[in-house]
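Okay, so here's the structure we're looking at.
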Amino acid sequence: APAKCECVFRTVMDGLKGGPFDAGARYFLRCASLEEAPPVPVDEGEEVENDLEVDLEPNMPNSGSPAVPAMIEVSGSSAFAAYPAISPRSGLLKRKDGDHLGINGVYALREEMHNGAACWVQVERSPTESATQVWHIFRAADGLSWVIDSELHRAARDTPVAARLPSKVDDPTASHSDWVPNSALRLQARSTGASVHGYAS
């Protein structure tokens with residue numbers, strides 16, 4: 001480094017000869033070393049942390065999103081029978097009230113999200129109901145409500161559904177709002193190991 005500085009100094013002084021400078025004055029020149037800094041020693045196998053690293057991995061379902069229950073038990077779905085039916089045991093006409101749509105039961109979380117949110121599919125229902133539809137719990141595309149319906153869709157406000165919960169929560173079991181049109185409908189989170197009596201898959 002000193003040799004390079006001396007070379008630069010002489011070059012500058014040669015350029016100043018004959019110029020409008022006072023030969024008796026003192027001039028100070030700043031000299032910088034042109035040599036590269038030696039590499040920082042790193043032990044083999046040691047991982048160097050980079051402060052500029054940015055995690056660009058997108059949020060995957062059920063990883064970056066809020067936690068939701070793996071199983072949901074739905075209860076409270078009940079309606080009056082529209083017309084009396086003949087009882088197979090007594091042969092008499094009877095009107096039976098109950099869950100004619102078969103919405104009550106246990107729902108399991110799907111691996112695939114729908115409308116950008118968690119979605120559950122019915123896996124168990126009461127064996128006494130003869131309904132054949134398989135129901136789903138999913139959030140509307142606008143994020144303003146949760147719905148229960150037999151098919152997955154955008155669930156726009158003017159789309160008829162079996163039940164709708166006006167709420168923006170990420171977990172439908174955590175909402176305190178009432179379902180429409182059946183305010184008695186209840187959703188409860190269930191542990192995956194819990195046994196559910198009275199339901200059949």
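Scheme for the structure tokens: letters A, B, ... for chains in order shown; per-chain residue numbers from 1; ligand numbers from 1 in order shown.
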Considering only C-alpha atoms, return as an mmCIF file with C-alpha atoms, in the first residue's frame whatever protein or nucleic-acid residues lie within 9 Å of A:His153, sequence-local ones (same chain, fewer than 6 positions apart) excluded.
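Writing the result to out-v8.cif gives the following:
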```cif
data_model
loop_
_atom_site.group_PDB
_atom_site.id
_atom_site.type_symbol
_atom_site.label_atom_id
_atom_site.label_comp_id
_atom_site.auth_asym_id
_atom_site.auth_seq_id
_atom_site.Cartn_x
_atom_site.Cartn_y
_atom_site.Cartn_z
ATOM 1 C CA HIS A 114 -62.669 -22.910 -0.881
ATOM 2 C CA ASN A 115 -63.174 -19.188 -1.534
ATOM 3 C CA PHE A 138 -67.680 -22.899 3.793
ATOM 4 C CA ALA A 140 -68.757 -16.912 1.063
ATOM 5 C CA ALA A 141 -66.443 -15.448 -1.564
#
```
Any chance you could tabulate, as a Markdown table, the residues of stretch 141-188 of chain A at most 10 Å from stretch 121-126 of chain A with each one's nearest atom pair and distance in Å to one decimal, using only C-alpha atoms, in chain and rising number order?
```
| residue | atom | partner | partner_atom | distance |
| --- | --- | --- | --- | --- |
| A:Ile148 | CA | A:Val121 | CA | 9.7 |
| A:Asp149 | CA | A:Val121 | CA | 9.9 |
| A:Ser150 | CA | A:Val121 | CA | 9.3 |
| A:Leu152 | CA | A:Val121 | CA | 10.0 |
```
May I have the selected residues written with C-alpha atoms, as an mmCIF file, in the first residue's frame?
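Once everything was written out, this is result.cif:
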```cif
data_model
loop_
_atom_site.group_PDB
_atom_site.id
_atom_site.type_symbol
_atom_site.label_atom_id
_atom_site.label_comp_id
_atom_site.auth_asym_id
_atom_site.auth_seq_id
_atom_site.Cartn_x
_atom_site.Cartn_y
_atom_site.Cartn_z
ATOM 1 C CA ILE A 148 -74.042 -24.533 4.832
ATOM 2 C CA ASP A 149 -75.058 -25.979 1.497
ATOM 3 C CA SER A 150 -74.943 -29.219 -0.474
ATOM 4 C CA LEU A 152 -69.563 -25.562 -3.097
#
```
Using only C-alpha atoms, pick whichever of A:Ile103, A:Met113, A:Ala67, A:Ala162 has the shortest atom-to-atom distance to A:Pro181.
A:Ala162
Near A:Ala184, within 12 Å and counting only C-alpha atoms, which residues show up once chain neighbours fewer than 2 positions away are dropped, as a PDB file with N, CA, C and O atoms, in the first residue's frame?
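Generated file (part.pdb):
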```
ATOM      1  N   VAL A  74     -72.402 -30.256  14.089  1.00  0.00           N
ATOM      2  CA  VAL A  74     -73.527 -29.362  13.852  1.00  0.00           C
ATOM      3  C   VAL A  74     -74.772 -29.960  14.506  1.00  0.00           C
ATOM      4  O   VAL A  74     -75.067 -31.148  14.348  1.00  0.00           O
ATOM      5  N   SER A  75     -75.504 -29.129  15.220  1.00  0.00           N
ATOM      6  CA  SER A  75     -76.747 -29.561  15.873  1.00  0.00           C
ATOM      7  C   SER A  75     -77.755 -28.429  15.809  1.00  0.00           C
ATOM      8  O   SER A  75     -77.418 -27.294  15.481  1.00  0.00           O
ATOM      9  N   GLY A  76     -79.000 -28.771  16.133  1.00  0.00           N
ATOM     10  CA  GLY A  76     -80.051 -27.758  16.179  1.00  0.00           C
ATOM     11  C   GLY A  76     -80.855 -27.613  14.914  1.00  0.00           C
ATOM     12  O   GLY A  76     -81.821 -26.846  14.869  1.00  0.00           O
ATOM     13  N   SER A  77     -80.480 -28.331  13.851  1.00  0.00           N
ATOM     14  CA  SER A  77     -81.258 -28.244  12.615  1.00  0.00           C
ATOM     15  C   SER A  77     -82.538 -29.046  12.774  1.00  0.00           C
ATOM     16  O   SER A  77     -82.522 -30.259  12.984  1.00  0.00           O
ATOM     17  N   SER A  78     -83.668 -28.370  12.683  1.00  0.00           N
ATOM     18  CA  SER A  78     -84.960 -29.026  12.854  1.00  0.00           C
ATOM     19  C   SER A  78     -86.025 -28.212  12.128  1.00  0.00           C
ATOM     20  O   SER A  78     -85.921 -26.992  12.018  1.00  0.00           O
ATOM     21  N   ALA A  79     -87.011 -28.909  11.610  1.00  0.00           N
ATOM     22  CA  ALA A  79     -88.102 -28.236  10.890  1.00  0.00           C
ATOM     23  C   ALA A  79     -89.380 -29.034  11.053  1.00  0.00           C
ATOM     24  O   ALA A  79     -89.356 -30.232  11.356  1.00  0.00           O
ATOM     25  N   ASP A  99     -84.812 -33.145  11.692  1.00  0.00           N
ATOM     26  CA  ASP A  99     -83.785 -32.681  10.759  1.00  0.00           C
ATOM     27  C   ASP A  99     -84.003 -33.345   9.401  1.00  0.00           C
ATOM     28  O   ASP A  99     -83.262 -34.243   9.003  1.00  0.00           O
ATOM     29  N   ASN A 104     -77.641 -31.868  10.542  1.00  0.00           N
ATOM     30  CA  ASN A 104     -76.971 -32.227  11.793  1.00  0.00           C
ATOM     31  C   ASN A 104     -75.967 -33.354  11.541  1.00  0.00           C
ATOM     32  O   ASN A 104     -76.190 -34.242  10.721  1.00  0.00           O
ATOM     33  N   ALA A 163     -78.351 -22.619   4.976  1.00  0.00           N
ATOM     34  CA  ALA A 163     -78.206 -21.783   6.174  1.00  0.00           C
ATOM     35  C   ALA A 163     -77.060 -20.813   5.949  1.00  0.00           C
ATOM     36  O   ALA A 163     -76.102 -21.126   5.241  1.00  0.00           O
ATOM     37  N   LEU A 165     -74.560 -17.755   8.030  1.00  0.00           N
ATOM     38  CA  LEU A 165     -74.133 -17.101   9.269  1.00  0.00           C
ATOM     39  C   LEU A 165     -73.463 -15.778   8.923  1.00  0.00           C
ATOM     40  O   LEU A 165     -72.345 -15.766   8.400  1.00  0.00           O
ATOM     41  N   HIS A 176     -70.686 -15.613  17.570  1.00  0.00           N
ATOM     42  CA  HIS A 176     -71.839 -15.543  18.474  1.00  0.00           C
ATOM     43  C   HIS A 176     -73.102 -15.075  17.747  1.00  0.00           C
ATOM     44  O   HIS A 176     -74.141 -14.853  18.379  1.00  0.00           O
ATOM     45  N   SER A 177     -73.009 -14.933  16.436  1.00  0.00           N
ATOM     46  CA  SER A 177     -74.185 -14.517  15.661  1.00  0.00           C
ATOM     47  C   SER A 177     -75.102 -15.705  15.426  1.00  0.00           C
ATOM     48  O   SER A 177     -74.723 -16.867  15.632  1.00  0.00           O
ATOM     49  N   ASP A 178     -76.330 -15.430  14.986  1.00  0.00           N
ATOM     50  CA  ASP A 178     -77.319 -16.481  14.737  1.00  0.00           C
ATOM     51  C   ASP A 178     -77.320 -16.868  13.265  1.00  0.00           C
ATOM     52  O   ASP A 178     -77.155 -16.032  12.379  1.00  0.00           O
ATOM     53  N   TRP A 179     -77.529 -18.155  13.038  1.00  0.00           N
ATOM     54  CA  TRP A 179     -77.683 -18.644  11.676  1.00  0.00           C
ATOM     55  C   TRP A 179     -79.070 -18.288  11.162  1.00  0.00           C
ATOM     56  O   TRP A 179     -80.036 -18.201  11.921  1.00  0.00           O
ATOM     57  N   VAL A 180     -79.164 -18.092   9.869  1.00  0.00           N
ATOM     58  CA  VAL A 180     -80.433 -17.762   9.221  1.00  0.00           C
ATOM     59  C   VAL A 180     -80.715 -18.847   8.172  1.00  0.00           C
ATOM     60  O   VAL A 180     -79.821 -19.203   7.400  1.00  0.00           O
ATOM     61  N   PRO A 181     -81.927 -19.397   8.146  1.00  0.00           N
ATOM     62  CA  PRO A 181     -83.139 -18.985   8.883  1.00  0.00           C
ATOM     63  C   PRO A 181     -83.326 -19.682  10.225  1.00  0.00           C
ATOM     64  O   PRO A 181     -84.286 -19.372  10.940  1.00  0.00           O
ATOM     65  N   ASN A 182     -82.454 -20.629  10.594  1.00  0.00           N
ATOM     66  CA  ASN A 182     -82.628 -21.379  11.831  1.00  0.00           C
ATOM     67  C   ASN A 182     -81.650 -20.864  12.879  1.00  0.00           C
ATOM     68  O   ASN A 182     -80.467 -21.193  12.864  1.00  0.00           O
ATOM     69  N   ARG A 186     -76.343 -24.780  15.829  1.00  0.00           N
ATOM     70  CA  ARG A 186     -75.136 -24.606  16.621  1.00  0.00           C
ATOM     71  C   ARG A 186     -73.982 -25.388  16.007  1.00  0.00           C
ATOM     72  O   ARG A 186     -74.156 -26.513  15.563  1.00  0.00           O
ATOM     73  N   LEU A 187     -72.792 -24.770  16.025  1.00  0.00           N
ATOM     74  CA  LEU A 187     -71.572 -25.412  15.550  1.00  0.00           C
ATOM     75  C   LEU A 187     -70.583 -25.480  16.706  1.00  0.00           C
ATOM     76  O   LEU A 187     -70.326 -24.475  17.362  1.00  0.00           O
TER      77      LEU A 187
END
```
At a cut-off of 8 Å, using only C-alpha atoms, what residues contact A:Thr173? Leave out same-chain residues fewer than 3 positions from it and give the result as a ChimeraX atom specification.
/A:72,187-189
Store the residues of this selection in a file with N, CA and C atoms, as a PDB file, in the first residue's frame.
```pdb
ATOM      1  N   ILE A  72     -66.044 -30.510  13.213  1.00  0.00           N
ATOM      2  CA  ILE A  72     -67.127 -29.652  13.703  1.00  0.00           C
ATOM      3  C   ILE A  72     -68.396 -30.490  13.811  1.00  0.00           C
ATOM      4  N   LEU A 187     -72.792 -24.770  16.025  1.00  0.00           N
ATOM      5  CA  LEU A 187     -71.572 -25.412  15.550  1.00  0.00           C
ATOM      6  C   LEU A 187     -70.583 -25.480  16.706  1.00  0.00           C
ATOM      7  N   GLN A 188     -70.050 -26.660  16.936  1.00  0.00           N
ATOM      8  CA  GLN A 188     -69.131 -26.871  18.046  1.00  0.00           C
ATOM      9  C   GLN A 188     -67.903 -27.631  17.563  1.00  0.00           C
ATOM     10  N   ALA A 189     -66.728 -27.149  17.944  1.00  0.00           N
ATOM     11  CA  ALA A 189     -65.485 -27.828  17.573  1.00  0.00           C
ATOM     12  C   ALA A 189     -65.366 -29.127  18.356  1.00  0.00           C
TER      13      ALA A 189
END
```
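Put simply, atom CA of A:Lys168 is 6.0 Å away from atom CA of A:Ser145.
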